[in-house]
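Notes to accompany the following structure.
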Amino acid sequence: MKPRSIAIVGAAETTEMGKIPDTSQIQLHADAALNAMAECGLGPKDIDGIACAAEWPTDLAHYLGITPTWVDGTMVG
Amino acid sequence: MAINPKTLPQPTPETQHFWDGTRAGQLLLQQCDACEHIYFPPRPFCPDCASRAISVIRASGKGVLYSYVINHRLPKWIDEPYSIAVVELAEGPRMMTNIVEVEQTPEALVLDMPVEVVFDAVSDNITLPKFRPVGGAQ
């Protein structure tokens, strides 16, 4: 891989699909993120940025234990 | 302190146990089974190592006053200035709360002073954990 190139190393959805009435919106975000982290063997301390929709990315970062150096999302603009 | 029902916490599936705990007079935290990290607010995984193997533990209810402000810009349903505080619990996590049973002044609210939890049943469903100085106001 070339220096400074970008790759997708993990991708995942929530554990359950469809209507999930026993899970809050932020936990749905976290569930999918934890699944993606598990897929590639990374943990919250390995991750330096976060982008998301509907939740504030800073809220989600704090919830996941991530200290981001950048954030992006539909509510950031 | 008077409460506006619109500002009460709304329990979610992940936080319901915490609010059940406060109603029963218990301050509940969570601890990671894998790395033993103790954390708050509630969530069904460890924010330190991402393990989903976690347990609910009962906190001692002891802590110290970590930081606060005194709010003088009062909503119309509150009569007196009040503290908005962060308490650092003996188990490690920090919690936003109010300091009660003490004058709401900088002279009385001394940083690092020992505090202990008290439970304020503000509605049928919600009991808020608040903190008071250990041994009463100095």
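Order determines the names: the first chain of the structure tokens is A, the second B, and so forth; residues in each chain are numbered 1 upward, and ligands are numbered 1 upward as they are shown.
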
Residues of chain A within 9 Å of chain B: nearest atom pair and distance (Å, one decimal) for each, counting only C-alpha atoms, sorted by chain and number, as a Markdown table?
| residue | atom | partner | partner_atom | distance |
| --- | --- | --- | --- | --- |
| A:Pro21 | CA | B:Pro13 | CA | 8.8 |
| A:Asp22 | CA | B:Pro13 | CA | 5.7 |
| A:Thr23 | CA | B:Pro13 | CA | 6.0 |
| A:Ser24 | CA | B:Thr12 | CA | 6.2 |
| A:Gln27 | CA | B:Arg43 | CA | 7.7 |
| A:Leu34 | CA | B:Ala50 | CA | 6.9 |
| A:Met37 | CA | B:Ala50 | CA | 8.6 |
| A:Ala38 | CA | B:Ala50 | CA | 8.7 |
| A:Gly43 | CA | B:Cys49 | CA | 6.2 |
| A:Pro44 | CA | B:Ala50 | CA | 6.7 |
| A:Lys45 | CA | B:Asp48 | CA | 7.7 |
| A:His62 | CA | B:Pro47 | CA | 8.2 |
| A:Tyr63 | CA | B:Pro47 | CA | 6.8 |
| A:Leu64 | CA | B:Pro47 | CA | 5.2 |
| A:Gly65 | CA | B:Pro47 | CA | 4.3 |
| A:Ile66 | CA | B:Pro47 | CA | 7.9 |

Report task. Find the residues around range 78-94 of chain B up to 6 Å (only C-alpha atoms counted), leave out those fewer than 5 positions away in its own chain, and share them as a list in words. Result ->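 Counting only C-alpha atoms, the residues come to Ala2, Tyr39, Phe40, Lys62, Gly63, Val64, Leu65, Tyr66, Ser67, Tyr68, Val69, Ile70, Asn71, His72 and Gln104 of chain B.
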
Report task. Identify, with DSSP run on backbone atoms, the residues in chain A assigned to strand (DSSP E), and express the list as a VMD selection string. Result -> chain A and resid 49 to 52 70 to 73

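Going from CA of Glu55 in chain A to CA of Ser55 in chain B covers 26.1 Å.
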
For Pro129 in chain B, find every residue with an atom within 10 Å (counting only C-alpha atoms), except residues of its own chain fewer than 4 positions away, and show them as a JSON list (two decimals) with N, CA, C and O atoms, in the first residue's frame.
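Heads up, here's the output in out_25.json:
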[["chain", "number", "residue", "atom", "x", "y", "z"],
["B", 19, "TRP", "N", -31.57, 3.77, 37.03],
["B", 19, "TRP", "CA", -32.69, 4.48, 37.64],
["B", 19, "TRP", "C", -33.49, 3.58, 38.58],
["B", 19, "TRP", "O", -34.05, 4.05, 39.57],
["B", 21, "GLY", "N", -31.97, 1.44, 40.37],
["B", 21, "GLY", "CA", -31.07, 1.47, 41.53],
["B", 21, "GLY", "C", -31.28, 2.69, 42.41],
["B", 21, "GLY", "O", -31.41, 2.57, 43.63],
["B", 22, "THR", "N", -31.37, 3.86, 41.79],
["B", 22, "THR", "CA", -31.54, 5.06, 42.61],
["B", 22, "THR", "C", -32.88, 5.03, 43.36],
["B", 22, "THR", "O", -32.96, 5.46, 44.51],
["B", 23, "ARG", "N", -33.90, 4.48, 42.70],
["B", 23, "ARG", "CA", -35.20, 4.37, 43.39],
["B", 23, "ARG", "C", -35.10, 3.45, 44.60],
["B", 23, "ARG", "O", -35.84, 3.61, 45.57],
["B", 25, "GLY", "N", -32.44, 3.26, 46.42],
["B", 25, "GLY", "CA", -31.42, 3.78, 47.33],
["B", 25, "GLY", "C", -30.03, 3.22, 47.09],
["B", 25, "GLY", "O", -29.22, 3.14, 48.01],
["B", 26, "GLN", "N", -29.76, 2.85, 45.84],
["B", 26, "GLN", "CA", -28.44, 2.32, 45.50],
["B", 26, "GLN", "C", -27.86, 3.08, 44.31],
["B", 26, "GLN", "O", -28.57, 3.37, 43.34],
["B", 27, "LEU", "N", -26.56, 3.40, 44.40],
["B", 27, "LEU", "CA", -25.87, 4.05, 43.30],
["B", 27, "LEU", "C", -25.11, 2.95, 42.54],
["B", 27, "LEU", "O", -24.18, 2.35, 43.07],
["B", 61, "GLY", "N", -21.01, 5.21, 47.23],
["B", 61, "GLY", "CA", -21.71, 6.48, 47.43],
["B", 61, "GLY", "C", -20.82, 7.57, 47.99],
["B", 61, "GLY", "O", -21.28, 8.68, 48.24],
["B", 95, "MET", "N", -19.33, 12.14, 38.05],
["B", 95, "MET", "CA", -20.78, 12.19, 37.86],
["B", 95, "MET", "C", -21.26, 13.63, 38.03],
["B", 95, "MET", "O", -20.88, 14.30, 38.99],
["B", 96, "MET", "N", -22.09, 14.12, 37.11],
["B", 96, "MET", "CA", -22.68, 15.44, 37.26],
["B", 96, "MET", "C", -23.87, 15.36, 38.20],
["B", 96, "MET", "O", -24.68, 14.43, 38.11],
["B", 97, "THR", "N", -23.98, 16.34, 39.09],
["B", 97, "THR", "CA", -24.96, 16.24, 40.17],
["B", 97, "THR", "C", -25.16, 17.62, 40.79],
["B", 97, "THR", "O", -24.72, 18.63, 40.25],
["B", 98, "ASN", "N", -25.86, 17.65, 41.91],
["B", 98, "ASN", "CA", -25.97, 18.86, 42.73],
["B", 98, "ASN", "C", -25.41, 18.55, 44.11],
["B", 98, "ASN", "O", -25.51, 17.42, 44.58],
["B", 99, "ILE", "N", -24.85, 19.56, 44.76],
["B", 99, "ILE", "CA", -24.43, 19.42, 46.16],
["B", 99, "ILE", "C", -25.55, 20.04, 47.00],
["B", 99, "ILE", "O", -25.95, 21.18, 46.77],
["B", 116, "GLU", "N", -21.08, 12.54, 50.12],
["B", 116, "GLU", "CA", -21.73, 11.23, 50.06],
["B", 116, "GLU", "C", -23.08, 11.38, 49.39],
["B", 116, "GLU", "O", -23.71, 12.43, 49.45],
["B", 117, "VAL", "N", -23.52, 10.29, 48.78],
["B", 117, "VAL", "CA", -24.72, 10.34, 47.97],
["B", 117, "VAL", "C", -25.96, 10.43, 48.86],
["B", 117, "VAL", "O", -26.01, 9.86, 49.96],
["B", 118, "VAL", "N", -26.96, 11.18, 48.42],
["B", 118, "VAL", "CA", -28.31, 11.16, 48.98],
["B", 118, "VAL", "C", -29.26, 11.03, 47.80],
["B", 118, "VAL", "O", -28.93, 11.43, 46.68],
["B", 119, "PHE", "N", -30.44, 10.48, 48.05],
["B", 119, "PHE", "CA", -31.35, 10.19, 46.96],
["B", 119, "PHE", "C", -32.58, 11.08, 47.06],
["B", 119, "PHE", "O", -33.22, 11.15, 48.10],
["B", 120, "ASP", "N", -32.87, 11.78, 45.96],
["B", 120, "ASP", "CA", -33.96, 12.75, 45.91],
["B", 120, "ASP", "C", -35.04, 12.22, 44.95],
["B", 120, "ASP", "O", -34.87, 12.24, 43.73],
["B", 121, "ALA", "N", -36.13, 11.72, 45.52],
["B", 121, "ALA", "CA", -37.23, 11.18, 44.70],
["B", 121, "ALA", "C", -38.02, 12.36, 44.14],
["B", 121, "ALA", "O", -38.85, 12.94, 44.83]]

Requested in this report: Give the helix (DSSP H, G or I) residues of chain A, as assigned by DSSP on the backbone, as an NGL selection string.
Outcome: :A and (25-40 or 44-46 or 57-64)

Report task. Could you please determine the separation between CA of Val102 in chain B and CA of Asn4 in chain B in Å, to one decimal place? Result ->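 Going from CA of Val102 in chain B over to CA of Asn4 in chain B covers 22.2 Å.
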
Set the distance at 8 Å and use only C-alpha atoms: which residues neighbour Trp70 in chain A once local chain neighbours fewer than 4 positions away are removed? I'd like the list as a PDB file with C-alpha atoms, in the first residue's frame.
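Once written, part.pdb looks like this:
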ATOM      1  CA  ASP A  48      -8.500   8.954  16.083  1.00  0.00           C
ATOM      2  CA  GLY A  49     -11.633  10.216  14.385  1.00  0.00           C
ATOM      3  CA  ILE A  50     -15.337   9.580  14.079  1.00  0.00           C
TER       4      ILE A  50
END

Query - Nearby residues (only C-alpha atoms) at most 9 Å from Glu39 in chain A, same-chain spacing under 2 positions excluded, as a PyMOL selection string - result: chain A and resi 9-12+34-37+41-42

Selected residues, all heavy atoms, written as a PDB file, in the first residue's frame, please.
ATOM      1  N   VAL A   9     -10.833  -0.944   6.741  1.00  0.00           N
ATOM      2  CA  VAL A   9     -10.308  -2.138   7.421  1.00  0.00           C
ATOM      3  C   VAL A   9     -11.397  -2.892   8.181  1.00  0.00           C
ATOM      4  O   VAL A   9     -11.206  -4.033   8.562  1.00  0.00           O
ATOM      5  CB  VAL A   9      -9.143  -1.775   8.380  1.00  0.00           C
ATOM      6  CG1 VAL A   9      -7.971  -1.213   7.575  1.00  0.00           C
ATOM      7  CG2 VAL A   9      -9.588  -0.792   9.452  1.00  0.00           C
ATOM      8  N   GLY A  10     -12.511  -2.244   8.421  1.00  0.00           N
ATOM      9  CA  GLY A  10     -13.597  -2.942   9.096  1.00  0.00           C
ATOM     10  C   GLY A  10     -14.910  -2.275   8.756  1.00  0.00           C
ATOM     11  O   GLY A  10     -14.962  -1.046   8.633  1.00  0.00           O
ATOM     12  N   ALA A  11     -15.951  -3.039   8.604  1.00  0.00           N
ATOM     13  CA  ALA A  11     -17.281  -2.479   8.353  1.00  0.00           C
ATOM     14  C   ALA A  11     -18.303  -3.429   8.965  1.00  0.00           C
ATOM     15  O   ALA A  11     -18.116  -4.646   8.925  1.00  0.00           O
ATOM     16  CB  ALA A  11     -17.522  -2.301   6.858  1.00  0.00           C
ATOM     17  N   ALA A  12     -19.346  -2.872   9.542  1.00  0.00           N
ATOM     18  CA  ALA A  12     -20.327  -3.742  10.195  1.00  0.00           C
ATOM     19  C   ALA A  12     -21.650  -3.021  10.339  1.00  0.00           C
ATOM     20  O   ALA A  12     -21.719  -1.785  10.229  1.00  0.00           O
ATOM     21  CB  ALA A  12     -19.825  -4.176  11.569  1.00  0.00           C
ATOM     22  N   LEU A  34     -18.773  -1.162  17.484  1.00  0.00           N
ATOM     23  CA  LEU A  34     -18.065  -2.236  18.198  1.00  0.00           C
ATOM     24  C   LEU A  34     -17.903  -3.454  17.293  1.00  0.00           C
ATOM     25  O   LEU A  34     -16.850  -4.115  17.307  1.00  0.00           O
ATOM     26  CB  LEU A  34     -18.838  -2.618  19.466  1.00  0.00           C
ATOM     27  CG  LEU A  34     -18.836  -1.589  20.594  1.00  0.00           C
ATOM     28  CD1 LEU A  34     -19.886  -1.948  21.636  1.00  0.00           C
ATOM     29  CD2 LEU A  34     -17.462  -1.480  21.244  1.00  0.00           C
ATOM     30  N   ASN A  35     -18.934  -3.753  16.492  1.00  0.00           N
ATOM     31  CA  ASN A  35     -18.825  -4.878  15.555  1.00  0.00           C
ATOM     32  C   ASN A  35     -17.733  -4.619  14.515  1.00  0.00           C
ATOM     33  O   ASN A  35     -16.977  -5.521  14.157  1.00  0.00           O
ATOM     34  CB  ASN A  35     -20.169  -5.121  14.865  1.00  0.00           C
ATOM     35  CG  ASN A  35     -21.181  -5.771  15.793  1.00  0.00           C
ATOM     36  OD1 ASN A  35     -20.808  -6.334  16.825  1.00  0.00           O
ATOM     37  ND2 ASN A  35     -22.452  -5.697  15.445  1.00  0.00           N
ATOM     38  N   ALA A  36     -17.654  -3.363  14.036  1.00  0.00           N
ATOM     39  CA  ALA A  36     -16.616  -3.027  13.051  1.00  0.00           C
ATOM     40  C   ALA A  36     -15.229  -3.104  13.681  1.00  0.00           C
ATOM     41  O   ALA A  36     -14.270  -3.586  13.065  1.00  0.00           O
ATOM     42  CB  ALA A  36     -16.875  -1.628  12.490  1.00  0.00           C
ATOM     43  N   MET A  37     -15.117  -2.641  14.929  1.00  0.00           N
ATOM     44  CA  MET A  37     -13.823  -2.724  15.630  1.00  0.00           C
ATOM     45  C   MET A  37     -13.422  -4.173  15.837  1.00  0.00           C
ATOM     46  O   MET A  37     -12.259  -4.551  15.643  1.00  0.00           O
ATOM     47  CB  MET A  37     -13.909  -2.013  16.984  1.00  0.00           C
ATOM     48  CG  MET A  37     -13.804  -0.505  16.913  1.00  0.00           C
ATOM     49  SD  MET A  37     -13.597   0.216  18.565  1.00  0.00           S
ATOM     50  CE  MET A  37     -15.241   0.738  18.917  1.00  0.00           C
ATOM     51  N   GLY A  41      -9.996  -6.039  14.707  1.00  0.00           N
ATOM     52  CA  GLY A  41      -9.100  -6.168  15.854  1.00  0.00           C
ATOM     53  C   GLY A  41      -8.638  -4.850  16.442  1.00  0.00           C
ATOM     54  O   GLY A  41      -7.618  -4.804  17.135  1.00  0.00           O
ATOM     55  N   LEU A  42      -9.347  -3.777  16.177  1.00  0.00           N
ATOM     56  CA  LEU A  42      -8.993  -2.486  16.768  1.00  0.00           C
ATOM     57  C   LEU A  42      -9.848  -2.221  18.002  1.00  0.00           C
ATOM     58  O   LEU A  42     -10.944  -2.777  18.156  1.00  0.00           O
ATOM     59  CB  LEU A  42      -9.201  -1.355  15.760  1.00  0.00           C
ATOM     60  CG  LEU A  42      -8.307  -1.364  14.518  1.00  0.00           C
ATOM     61  CD1 LEU A  42      -8.682  -0.206  13.594  1.00  0.00           C
ATOM     62  CD2 LEU A  42      -6.831  -1.289  14.901  1.00  0.00           C
TER      63      LEU A  42
END

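Put simply, CA of Pro9 in chain B is 12.4 Å away from CA of Asp124 in chain B.
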
Query raised in the report: Using only C-alpha atoms, which residues sit within 10 Å of Glu16 in chain A once same-chain residues fewer than 3 positions away are excluded, as an NGL selection string?
Result: :A and (13 or 19-20 or 23 or 28 or 31-32)

What would the file look like if the residues just selected were written as a JSON list (two decimals), in the first residue's frame with all heavy atoms?
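Produced file again-v1.json, reproduced below:
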[["chain", "number", "residue", "atom", "x", "y", "z"],
["A", 13, "GLU", "N", -22.68, -3.80, 10.60],
["A", 13, "GLU", "CA", -24.00, -3.27, 10.92],
["A", 13, "GLU", "C", -24.31, -3.62, 12.37],
["A", 13, "GLU", "O", -23.53, -4.28, 13.05],
["A", 13, "GLU", "CB", -25.05, -3.87, 9.97],
["A", 13, "GLU", "CG", -24.83, -3.44, 8.52],
["A", 13, "GLU", "CD", -25.80, -4.12, 7.57],
["A", 13, "GLU", "OE1", -25.86, -5.35, 7.56],
["A", 13, "GLU", "OE2", -26.49, -3.39, 6.85],
["A", 19, "LYS", "N", -36.62, -3.82, 13.33],
["A", 19, "LYS", "CA", -37.06, -3.05, 14.50],
["A", 19, "LYS", "C", -36.33, -3.58, 15.74],
["A", 19, "LYS", "O", -36.35, -4.78, 16.02],
["A", 19, "LYS", "CB", -38.57, -3.16, 14.68],
["A", 19, "LYS", "CG", -39.36, -2.44, 13.60],
["A", 19, "LYS", "CD", -40.86, -2.50, 13.86],
["A", 19, "LYS", "CE", -41.63, -1.76, 12.76],
["A", 19, "LYS", "NZ", -43.09, -1.87, 12.95],
["A", 20, "ILE", "N", -35.70, -2.65, 16.49],
["A", 20, "ILE", "CA", -34.93, -3.04, 17.67],
["A", 20, "ILE", "C", -35.39, -2.16, 18.83],
["A", 20, "ILE", "O", -34.75, -1.16, 19.17],
["A", 20, "ILE", "CB", -33.40, -2.88, 17.43],
["A", 20, "ILE", "CG1", -33.01, -3.49, 16.07],
["A", 20, "ILE", "CG2", -32.61, -3.55, 18.55],
["A", 20, "ILE", "CD1", -31.57, -3.27, 15.69],
["A", 23, "THR", "N", -33.17, -1.02, 22.24],
["A", 23, "THR", "CA", -31.85, -0.40, 22.10],
["A", 23, "THR", "C", -32.03, 1.08, 21.75],
["A", 23, "THR", "O", -32.79, 1.40, 20.84],
["A", 23, "THR", "CB", -31.03, -1.10, 21.00],
["A", 23, "THR", "OG1", -31.00, -2.50, 21.28],
["A", 23, "THR", "CG2", -29.61, -0.58, 20.98],
["A", 28, "LEU", "N", -27.38, 1.87, 19.24],
["A", 28, "LEU", "CA", -27.35, 1.29, 17.89],
["A", 28, "LEU", "C", -26.06, 1.70, 17.17],
["A", 28, "LEU", "O", -25.39, 0.89, 16.54],
["A", 28, "LEU", "CB", -28.57, 1.74, 17.09],
["A", 28, "LEU", "CG", -29.92, 1.17, 17.53],
["A", 28, "LEU", "CD1", -31.05, 1.87, 16.79],
["A", 28, "LEU", "CD2", -29.99, -0.33, 17.29],
["A", 31, "ASP", "N", -23.19, -0.18, 18.86],
["A", 31, "ASP", "CA", -23.20, -1.61, 18.55],
["A", 31, "ASP", "C", -22.54, -1.87, 17.19],
["A", 31, "ASP", "O", -21.67, -2.75, 17.06],
["A", 31, "ASP", "CB", -24.66, -2.10, 18.55],
["A", 31, "ASP", "CG", -24.78, -3.58, 18.29],
["A", 31, "ASP", "OD1", -23.89, -4.35, 18.70],
["A", 31, "ASP", "OD2", -25.78, -3.98, 17.67],
["A", 32, "ALA", "N", -22.92, -1.09, 16.18],
["A", 32, "ALA", "CA", -22.31, -1.27, 14.86],
["A", 32, "ALA", "C", -20.82, -0.94, 14.89],
["A", 32, "ALA", "O", -20.00, -1.64, 14.28],
["A", 32, "ALA", "CB", -23.03, -0.39, 13.84]]
